[in-house]
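File shown: final.txt. Contents: compact mmCIF, C-alpha atoms.
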```txt
# COMPACT_ATOMS: atom_id res chain seq x y z
CA MET A 1 40.70 -16.95 78.60
CA LEU A 2 40.49 -13.19 78.48
CA TYR A 3 40.00 -12.51 82.18
CA THR A 4 41.52 -14.22 85.15
CA SER A 5 38.07 -14.45 86.74
CA GLU A 6 34.97 -16.02 85.19
CA SER A 7 32.60 -14.21 87.51
CA LEU A 8 34.11 -10.85 86.46
CA GLU A 9 33.76 -11.87 82.82
CA SER A 10 30.11 -12.76 83.48
CA VAL A 11 29.35 -9.32 84.98
CA ILE A 12 31.01 -7.58 82.02
CA GLU A 13 29.00 -9.78 79.66
CA HIS A 14 25.73 -8.88 81.43
CA LEU A 15 26.49 -5.17 81.68
CA SER A 16 27.50 -4.80 78.05
CA ARG A 17 24.01 -5.96 77.00
CA LEU A 18 22.48 -2.83 78.57
CA PRO A 19 21.69 0.20 76.40
CA THR A 20 24.43 2.90 76.15
CA ILE A 21 26.97 0.50 77.73
CA GLY A 22 29.67 -0.90 75.48
CA ARG A 23 32.26 -3.50 76.41
CA LYS A 24 34.83 -0.95 77.60
CA THR A 25 32.34 0.84 79.84
CA ALA A 26 31.10 -2.52 81.14
CA GLN A 27 34.67 -3.42 82.06
CA ARG A 28 35.17 -0.10 83.80
CA ILE A 29 31.95 -0.44 85.79
CA ALA A 30 32.73 -4.05 86.76
CA LEU A 31 36.21 -3.14 88.00
CA TYR A 32 34.71 -0.19 89.88
CA LEU A 33 32.17 -2.47 91.56
CA LEU A 34 34.95 -4.87 92.51
CA LYS A 35 36.48 -2.10 94.59
CA GLN A 36 33.21 -1.22 96.34
CA PRO A 37 32.06 -2.69 99.67
CA ARG A 38 30.07 -5.91 99.32
CA GLU A 39 26.89 -4.34 100.74
CA ASP A 40 26.86 -1.68 98.00
CA VAL A 41 27.04 -4.29 95.25
CA ALA A 42 24.48 -6.48 97.01
CA GLY A 43 22.29 -3.38 97.37
CA LEU A 44 22.32 -2.81 93.64
CA ALA A 45 21.58 -6.49 93.00
CA THR A 46 18.65 -6.47 95.44
CA ALA A 47 17.29 -3.22 94.01
CA LEU A 48 17.24 -4.77 90.53
CA VAL A 49 15.33 -7.89 91.53
CA ASN A 50 13.08 -5.86 93.81
CA MET A 51 12.12 -3.52 90.99
CA LYS A 52 11.35 -6.42 88.72
CA ASP A 53 9.19 -8.11 91.35
CA LYS A 54 7.30 -5.10 92.64
CA THR A 55 6.47 -3.08 89.55
CA LEU A 56 3.49 -3.62 87.30
CA TYR A 57 1.62 -1.56 84.76
CA CYS A 58 -1.27 0.58 85.94
CA SER A 59 -4.47 -0.91 84.52
CA VAL A 60 -5.83 2.59 83.90
CA CYS A 61 -2.97 4.65 82.42
CA GLN A 62 -0.44 1.83 81.65
CA ASN A 63 2.32 3.67 83.51
CA ILE A 64 4.79 1.83 85.75
CA THR A 65 3.56 1.51 89.32
CA GLU A 66 3.70 -0.62 92.43
CA ASN A 67 0.00 -0.27 93.21
CA ASP A 68 -2.84 -0.60 90.75
CA PRO A 69 -4.21 1.98 89.94
CA CYS A 70 -1.06 4.11 90.10
CA PRO A 71 -0.69 7.10 92.48
CA ILE A 72 -1.40 9.57 89.69
CA CYS A 73 -4.63 7.86 88.60
CA GLU A 74 -5.65 7.53 92.28
CA SER A 75 -4.82 11.09 93.33
CA PRO A 76 -7.86 13.21 94.20
CA ARG A 77 -5.86 16.31 93.30
CA ARG A 78 -5.53 15.43 89.61
CA ASP A 79 -7.93 16.80 87.01
CA ARG A 80 -9.75 13.69 85.65
CA GLY A 81 -11.03 15.63 82.65
CA ILE A 82 -7.66 15.80 80.87
CA ILE A 83 -5.55 12.91 79.60
CA CYS A 84 -2.02 13.48 78.32
CA VAL A 85 -0.98 10.72 75.89
CA VAL A 86 2.73 9.85 75.89
CA GLU A 87 4.90 7.14 74.36
CA ASP A 88 6.85 5.84 77.38
CA PRO A 89 6.94 6.00 81.20
CA SER A 90 10.01 8.26 80.92
CA ASP A 91 7.83 10.81 79.12
CA VAL A 92 5.44 10.88 82.08
CA LEU A 93 8.41 11.82 84.21
CA ALA A 94 9.49 14.53 81.77
CA VAL A 95 6.03 16.14 81.88
CA GLU A 96 5.69 15.69 85.67
CA LYS A 97 8.97 17.57 86.17
CA THR A 98 7.39 20.73 84.76
CA ASN A 99 4.97 20.83 87.72
CA ASP A 100 2.57 22.48 85.28
CA TYR A 101 0.35 19.58 84.39
CA HIS A 102 -2.29 18.30 86.76
CA GLY A 103 -4.33 15.97 84.59
CA LEU A 104 -3.97 12.23 84.05
CA TYR A 105 -1.72 10.31 81.66
CA HIS A 106 -2.00 7.51 79.17
CA VAL A 107 1.15 5.60 78.25
CA LEU A 108 0.89 4.10 74.75
CA GLY A 109 3.92 1.87 75.18
CA GLY A 110 5.38 2.93 71.82
CA VAL A 111 4.35 4.59 68.58
CA ILE A 112 3.05 3.26 65.28
CA ASN A 113 6.03 2.03 63.27
CA PRO A 114 5.10 -0.07 60.22
CA LEU A 115 8.76 -0.85 59.46
CA GLU A 116 9.12 -2.56 62.82
CA GLY A 117 5.68 -4.11 62.63
CA VAL A 118 4.16 -1.94 65.36
CA GLY A 119 0.55 -1.12 64.57
CA PRO A 120 -2.22 0.37 66.76
CA GLU A 121 -3.01 -3.14 68.08
CA GLU A 122 0.43 -3.39 69.66
CA LEU A 123 -0.14 -0.10 71.52
CA LYS A 124 -2.58 0.77 74.29
CA VAL A 125 -4.92 2.56 71.88
CA ARG A 126 -8.04 0.56 72.71
CA GLU A 127 -7.55 1.34 76.40
CA LEU A 128 -7.28 5.05 75.57
CA LEU A 129 -10.48 5.08 73.51
CA HIS A 130 -12.21 3.26 76.34
CA ARG A 131 -11.09 5.89 78.88
CA VAL A 132 -12.17 8.79 76.68
CA GLN A 133 -15.81 7.70 76.98
CA GLU A 134 -15.80 8.53 80.70
CA ASN A 135 -16.19 12.25 81.23
CA VAL A 136 -12.98 13.37 79.54
CA GLN A 137 -12.96 16.88 78.10
CA GLU A 138 -9.50 17.00 76.55
CA VAL A 139 -6.83 14.65 75.23
CA ILE A 140 -3.38 16.18 74.85
CA LEU A 141 -1.17 14.27 72.40
CA ALA A 142 2.43 14.62 73.63
CA LEU A 143 4.34 12.24 71.36
CA ASN A 144 7.88 12.77 70.16
CA PRO A 145 8.19 15.07 67.12
CA ASN A 146 9.56 12.47 64.68
CA VAL A 147 7.98 10.61 61.75
CA GLU A 148 6.54 7.80 63.89
CA GLY A 149 5.27 10.19 66.57
CA GLU A 150 3.67 12.31 63.87
CA MET A 151 1.98 9.31 62.28
CA THR A 152 0.67 8.17 65.65
CA THR A 153 -0.57 11.68 66.51
CA LEU A 154 -2.55 11.87 63.26
CA TYR A 155 -3.91 8.36 63.75
CA LEU A 156 -5.05 9.06 67.30
CA ALA A 157 -6.55 12.43 66.32
CA LYS A 158 -8.61 10.64 63.68
CA MET A 159 -9.75 7.93 66.09
CA LEU A 160 -10.66 10.45 68.78
CA LYS A 161 -12.75 12.55 66.39
CA THR A 162 -15.76 10.30 66.91
CA PHE A 163 -15.81 11.12 70.63
CA ASN A 164 -17.06 14.32 72.19
CA VAL A 165 -13.61 15.41 73.31
CA ARG A 166 -11.19 18.21 72.50
CA VAL A 167 -7.97 16.83 70.97
CA THR A 168 -4.82 18.96 71.21
CA ARG A 169 -1.12 18.41 70.63
CA ILE A 170 1.84 20.03 72.39
CA ALA A 171 3.36 22.97 70.52
CA ARG A 172 6.32 22.46 68.22
CA GLY A 173 8.68 25.41 68.07
CA ILE A 174 12.06 26.69 69.14
CA PRO A 175 13.26 25.31 72.48
CA LEU A 176 14.16 27.76 75.28
CA GLY A 177 17.78 28.80 75.49
CA SER A 178 18.50 27.88 71.87
CA GLU A 179 19.70 30.17 69.08
CA LEU A 180 17.72 30.62 65.90
CA GLN A 181 20.81 30.24 63.70
CA PHE A 182 21.34 26.70 64.93
CA ILE A 183 17.73 25.54 64.65
CA ASP A 184 16.74 23.42 61.65
CA GLU A 185 14.35 24.93 59.10
CA ALA A 186 11.53 22.44 59.76
CA THR A 187 11.40 23.52 63.42
CA ILE A 188 11.43 27.21 62.45
CA SER A 189 8.61 26.51 59.98
CA ARG A 190 6.53 24.98 62.78
CA ALA A 191 7.41 27.87 65.09
CA LEU A 192 6.22 30.38 62.50
CA GLU A 193 3.08 28.36 61.85
CA GLY A 194 2.31 28.19 65.57
CA ARG A 195 3.04 31.87 66.30
CA VAL A 196 0.91 33.53 68.97
CA THR A 197 -0.06 37.15 69.65
CA VAL A 198 2.24 38.90 72.14
CA MET B 1 7.40 11.86 94.53
CA LEU B 2 9.20 11.85 91.20
CA TYR B 3 8.46 8.29 90.15
CA THR B 4 5.34 6.25 90.59
CA SER B 5 7.45 3.36 91.87
CA GLU B 6 9.90 3.46 94.76
CA SER B 7 11.72 0.33 93.63
CA LEU B 8 12.33 1.88 90.20
CA GLU B 9 13.59 5.04 91.89
CA SER B 10 15.94 2.92 93.98
CA VAL B 11 17.45 1.21 90.91
CA ILE B 12 17.98 4.57 89.20
CA GLU B 13 19.60 5.86 92.37
CA HIS B 14 21.97 2.88 92.53
CA LEU B 15 22.84 2.93 88.83
CA SER B 16 23.60 6.65 88.73
CA ARG B 17 26.35 6.13 91.31
CA LEU B 18 28.32 4.05 88.80
CA PRO B 19 31.08 5.65 86.74
CA THR B 20 30.09 7.02 83.29
CA ILE B 21 26.40 6.68 84.18
CA GLY B 22 24.45 9.88 84.78
CA ARG B 23 20.87 10.15 85.98
CA LYS B 24 19.39 10.13 82.48
CA THR B 25 21.32 7.04 81.44
CA ALA B 26 20.41 5.35 84.73
CA GLN B 27 16.74 6.02 84.01
CA ARG B 28 17.07 4.66 80.50
CA ILE B 29 18.78 1.49 81.72
CA ALA B 30 16.24 0.97 84.52
CA LEU B 31 13.30 1.31 82.12
CA TYR B 32 15.05 -1.04 79.71
CA LEU B 33 15.52 -3.62 82.48
CA LEU B 34 11.85 -3.30 83.41
CA LYS B 35 10.94 -4.56 79.95
CA GLN B 36 13.33 -7.53 80.11
CA PRO B 37 12.35 -11.01 81.33
CA ARG B 38 12.74 -11.52 85.07
CA GLU B 39 15.48 -14.16 84.65
CA ASP B 40 17.68 -11.72 82.72
CA VAL B 41 17.49 -9.13 85.49
CA ALA B 42 17.96 -11.79 88.16
CA GLY B 43 20.92 -13.07 86.13
CA LEU B 44 22.60 -9.68 86.25
CA ALA B 45 21.90 -9.38 89.98
CA THR B 46 23.34 -12.83 90.68
CA ALA B 47 26.39 -12.15 88.51
CA LEU B 48 27.12 -9.01 90.54
CA VAL B 49 26.99 -10.69 93.93
CA ASN B 50 28.78 -13.73 92.56
CA MET B 51 31.66 -11.62 91.29
CA LYS B 52 31.95 -9.86 94.62
CA ASP B 53 31.96 -13.14 96.54
CA LYS B 54 34.29 -15.14 94.31
CA THR B 55 37.01 -12.71 93.36
CA LEU B 56 40.10 -11.94 95.37
CA TYR B 57 43.48 -10.46 94.65
CA CYS B 58 46.29 -12.80 93.66
CA SER B 59 48.81 -12.85 96.48
CA VAL B 60 51.66 -12.90 93.95
CA CYS B 61 50.76 -10.39 91.22
CA GLN B 62 47.82 -8.58 92.91
CA ASN B 63 45.63 -9.10 89.86
CA ILE B 64 41.94 -10.05 90.19
CA THR B 65 41.43 -13.79 90.35
CA GLU B 66 39.18 -16.53 91.69
CA ASN B 67 42.05 -18.81 92.68
CA ASP B 68 45.19 -17.79 94.51
CA PRO B 69 47.72 -17.68 92.84
CA CYS B 70 45.99 -16.52 89.66
CA PRO B 71 46.01 -18.55 86.40
CA ILE B 72 48.77 -16.36 84.92
CA CYS B 73 51.10 -16.74 87.92
CA GLU B 74 50.33 -20.48 87.99
CA SER B 75 50.76 -21.13 84.27
CA PRO B 76 53.81 -23.24 83.37
CA ARG B 77 53.84 -21.60 79.95
CA ARG B 78 54.68 -18.10 81.25
CA ASP B 79 58.22 -16.80 81.42
CA ARG B 80 58.89 -16.31 85.15
CA GLY B 81 61.93 -14.17 84.44
CA ILE B 82 59.98 -11.13 83.27
CA ILE B 83 57.52 -9.02 85.26
CA CYS B 84 55.37 -6.38 83.58
CA VAL B 85 54.29 -3.70 86.09
CA VAL B 86 50.88 -2.12 85.43
CA GLU B 87 48.55 0.22 87.26
CA ASP B 88 45.23 -1.66 87.17
CA PRO B 89 43.74 -5.07 86.34
CA SER B 90 42.31 -3.54 83.15
CA ASP B 91 45.90 -2.88 82.00
CA VAL B 92 46.71 -6.58 82.37
CA LEU B 93 43.85 -7.25 79.99
CA ALA B 94 45.11 -4.62 77.54
CA VAL B 95 48.56 -6.23 77.43
CA GLU B 96 47.16 -9.77 77.29
CA LYS B 97 45.11 -8.85 74.24
CA THR B 98 48.31 -8.30 72.24
CA ASN B 99 49.17 -12.02 72.60
CA ASP B 100 52.77 -10.85 72.45
CA TYR B 101 53.70 -10.95 76.11
CA HIS B 102 54.38 -14.21 77.88
CA GLY B 103 55.88 -13.08 81.16
CA LEU B 104 54.20 -12.38 84.49
CA TYR B 105 52.46 -9.24 85.76
CA HIS B 106 52.47 -7.07 88.82
CA VAL B 107 49.43 -4.87 89.47
CA LEU B 108 50.38 -1.80 91.52
CA GLY B 109 46.79 -0.85 92.29
CA GLY B 110 47.35 2.78 91.32
CA VAL B 111 50.15 5.27 90.79
CA ILE B 112 51.93 7.71 93.05
CA ASN B 113 49.78 10.81 93.34
CA PRO B 114 50.82 13.21 96.13
CA LEU B 115 47.80 15.47 95.50
CA GLU B 116 45.46 12.62 96.34
CA GLY B 117 47.66 11.35 99.13
CA VAL B 118 48.77 8.19 97.32
CA GLY B 119 52.37 7.35 98.15
CA PRO B 120 54.43 4.19 97.50
CA GLU B 121 53.04 2.70 100.75
CA GLU B 122 49.52 2.73 99.35
CA LEU B 123 50.68 0.76 96.29
CA LYS B 124 51.94 -2.80 95.99
CA VAL B 125 55.56 -1.64 95.69
CA ARG B 126 56.91 -3.68 98.58
CA GLU B 127 55.40 -6.83 97.05
CA LEU B 128 57.11 -6.01 93.74
CA LEU B 129 60.54 -5.51 95.33
CA HIS B 130 60.04 -8.79 97.15
CA ARG B 131 59.29 -10.66 93.91
CA VAL B 132 62.28 -9.17 92.09
CA GLN B 133 64.65 -10.97 94.45
CA GLU B 134 63.56 -14.35 93.07
CA ASN B 135 65.27 -15.05 89.77
CA VAL B 136 63.78 -12.17 87.79
CA GLN B 137 65.84 -10.91 84.85
CA GLU B 138 63.68 -8.02 83.65
CA VAL B 139 61.02 -5.66 84.97
CA ILE B 140 59.00 -3.86 82.28
CA LEU B 141 57.34 -0.68 83.54
CA ALA B 142 54.09 -0.26 81.61
CA LEU B 143 52.39 2.63 83.41
CA ASN B 144 50.19 5.22 81.74
CA PRO B 145 52.13 8.08 80.06
CA ASN B 146 50.85 10.90 82.28
CA VAL B 147 52.47 12.90 85.09
CA GLU B 148 51.62 10.40 87.83
CA GLY B 149 52.62 7.41 85.72
CA GLU B 150 55.90 9.13 84.90
CA MET B 151 56.58 9.89 88.54
CA THR B 152 55.85 6.29 89.51
CA THR B 153 58.03 4.94 86.68
CA LEU B 154 60.98 7.04 87.84
CA TYR B 155 60.41 6.05 91.47
CA LEU B 156 60.25 2.34 90.67
CA ALA B 157 63.30 2.55 88.39
CA LYS B 158 65.25 4.09 91.25
CA MET B 159 64.07 1.47 93.75
CA LEU B 160 64.85 -1.40 91.36
CA LYS B 161 68.40 -0.17 90.67
CA THR B 162 69.67 -1.89 93.81
CA PHE B 163 68.59 -5.28 92.47
CA ASN B 164 70.39 -7.26 89.82
CA VAL B 165 67.61 -6.81 87.27
CA ARG B 166 67.15 -5.09 83.93
CA VAL B 167 64.55 -2.33 84.18
CA THR B 168 62.81 -1.24 80.97
CA ARG B 169 59.79 0.86 80.12
CA ILE B 170 57.37 0.51 77.19
CA ALA B 171 58.14 2.82 74.26
CA ARG B 172 56.43 6.16 73.97
CA GLY B 173 55.86 7.28 70.39
CA ILE B 174 53.27 7.75 67.71
CA PRO B 175 50.37 5.25 67.90
CA LEU B 176 49.61 3.08 64.86
CA GLY B 177 47.06 4.44 62.42
CA SER B 178 47.53 8.01 63.59
CA GLU B 179 48.64 11.01 61.52
CA LEU B 180 51.73 13.02 62.45
CA GLN B 181 49.91 16.34 61.95
CA PHE B 182 47.46 15.52 64.72
CA ILE B 183 49.96 14.25 67.26
CA ASP B 184 51.02 16.56 70.10
CA GLU B 185 54.60 17.80 70.14
CA ALA B 186 55.55 16.04 73.38
CA THR B 187 54.69 12.67 71.85
CA ILE B 188 56.65 13.47 68.68
CA SER B 189 59.62 14.52 70.85
CA ARG B 190 59.51 11.12 72.58
CA ALA B 191 59.16 9.36 69.23
CA LEU B 192 62.25 11.14 67.89
CA GLU B 193 64.17 10.39 71.07
CA GLY B 194 63.24 6.72 70.91
CA ARG B 195 63.98 6.30 67.18
CA VAL B 196 65.38 2.95 66.07
CA THR B 197 67.47 1.86 63.11
CA VAL B 198 65.41 0.58 60.19
```
Would you write out, as structure tokens, the structure that this file holds?
Amino acid sequence: MLYTSESLESVIEHLSRLPTIGRKTAQRIALYLLKQPREDVAGLATALVNMKDKTLYCSVCQNITENDPCPICESPRRDRGIICVVEDPSDVLAVEKTNDYHGLYHVLGGVINPLEGVGPEELKVRELLHRVQENVQEVILALNPNVEGEMTTLYLAKMLKTFNVRVTRIARGIPLGSELQFIDEATISRALEGRVTV
Amino acid sequence: MLYTSESLESVIEHLSRLPTIGRKTAQRIALYLLKQPREDVAGLATALVNMKDKTLYCSVCQNITENDPCPICESPRRDRGIICVVEDPSDVLAVEKTNDYHGLYHVLGGVINPLEGVGPEELKVRELLHRVQENVQEVILALNPNVEGEMTTLYLAKMLKTFNVRVTRIARGIPLGSELQFIDEATISRALEGRVTV
């Protein structure tokens, strides 16, 4: 027996299965929770089950929501002519934080990854192509700039060509606040390629 | 509204209050949990409440336990003549992992820290002095080697002097697998001081 309490051991076991949390961190969190008031721990437990019970995927954009369609798809203030395609719900949040985008989203639920057996059928590609037929002027591809994201971007661009819609991708270049000397050459290449008139 | 789901927001809020977990990690964990089967999430939630409800502090050694006295204090195989004094329950685990210690423990619940208003009264010092009166031959002070741990070690050593008990402290020196060139000079000083005949 490693711990003097089975229920503590069980919490550590559960926590260490979560991403970014190793066994040591799990132990630290469990011991921290032990010191907290019961209602705080119960609050976390309730929040977890609550989230699991209340959330579903929006039938239009596939984002996480509690009502179907989701508040973004429902909002009369959003531009229904633009769809921004992202990989995950967390990417929707990242774009929303800019406060600069007022169109709709489409969450693919992943990217094409042949090594892991993820093809277009595993993603919400069909749903996207279906949406594009309804008065959409532009599709912005905002996938992560890695090999899989690139592959998916090219695949989607090809699929969308048959529709009467403008297909764009977000710019790749040097991030704000960075220093040229520390940026990799591939990024600088893209930045040069995508240069704009001042 | 940042998220399209209040219950998701609530989980992120709760998780980001935990030690070592920032808002980004909380978001990542929450989205990970969303993808897991309901029973896994419910399992974590139940484990949390369960731990909170079942655990208590051992009235003898002040360690976390589900039964009072704890399995270590109860065990007939432990040497009741030695008490190892540690700061936290996680330190008990660290010592237990060595498989080299067969005495009892005493968890102080912290160390003396005047800046944070923690004096001997806030710690389980009285309980320790009480235990020492009952047939204890040795008290091993195994507190962390920092200023507060040092202060507490010296304080306890002074308090224990009045009892007929041997008071020792764990050796400070170079850790195994390290290289002398990377060890700080204070540690090397202690290692020289504590040298033993080969």
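Superposing chain A on chain B by least squares over every C-alpha atom, paired in order, leaves an RMSD of 0.1 Å.
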Within 9 Å of Met51 (chain A), counting all atoms listed in the file, which residues qualify if same-chain residues fewer than 2 places away don't, as a PyMOL selection string?
(chain A and resi 46-49+53-55) or (chain B and resi 5-11+30+34)
Neighbours of chain A in chain B at 9 Å, counting all atoms listed in the file, as JSON, numbers by chain:
{"B": [2, 3, 4, 5, 6, 7, 8, 9, 10, 11, 14, 15, 18, 19, 20, 21, 25, 27, 28, 29, 30, 31, 32, 33, 34, 35, 36, 37, 38, 40, 41, 42, 43, 44, 45, 46, 47, 48, 49, 50, 51, 52, 53, 54, 55, 63, 64, 65, 66, 67, 70, 71, 72, 89, 90, 92, 93, 96, 97]}
Write out as AutoDock Vina command-line options an axis-aligned box for region 55-63 of chain A: all of its atoms listed in the file, 5 Å added on each side, centre and edge lengths in Å with one decimal.
```
--center_x 0.3 --center_y 0.5 --center_z 85.6 --size_x 22.3 --size_y 18.3 --size_z 17.9
```
In Å, rounded to a single decimal, give me how far CA of Pro120 (chain A) is from CA of Tyr155 (chain A).
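These two atoms are separated by 8.7 Å.
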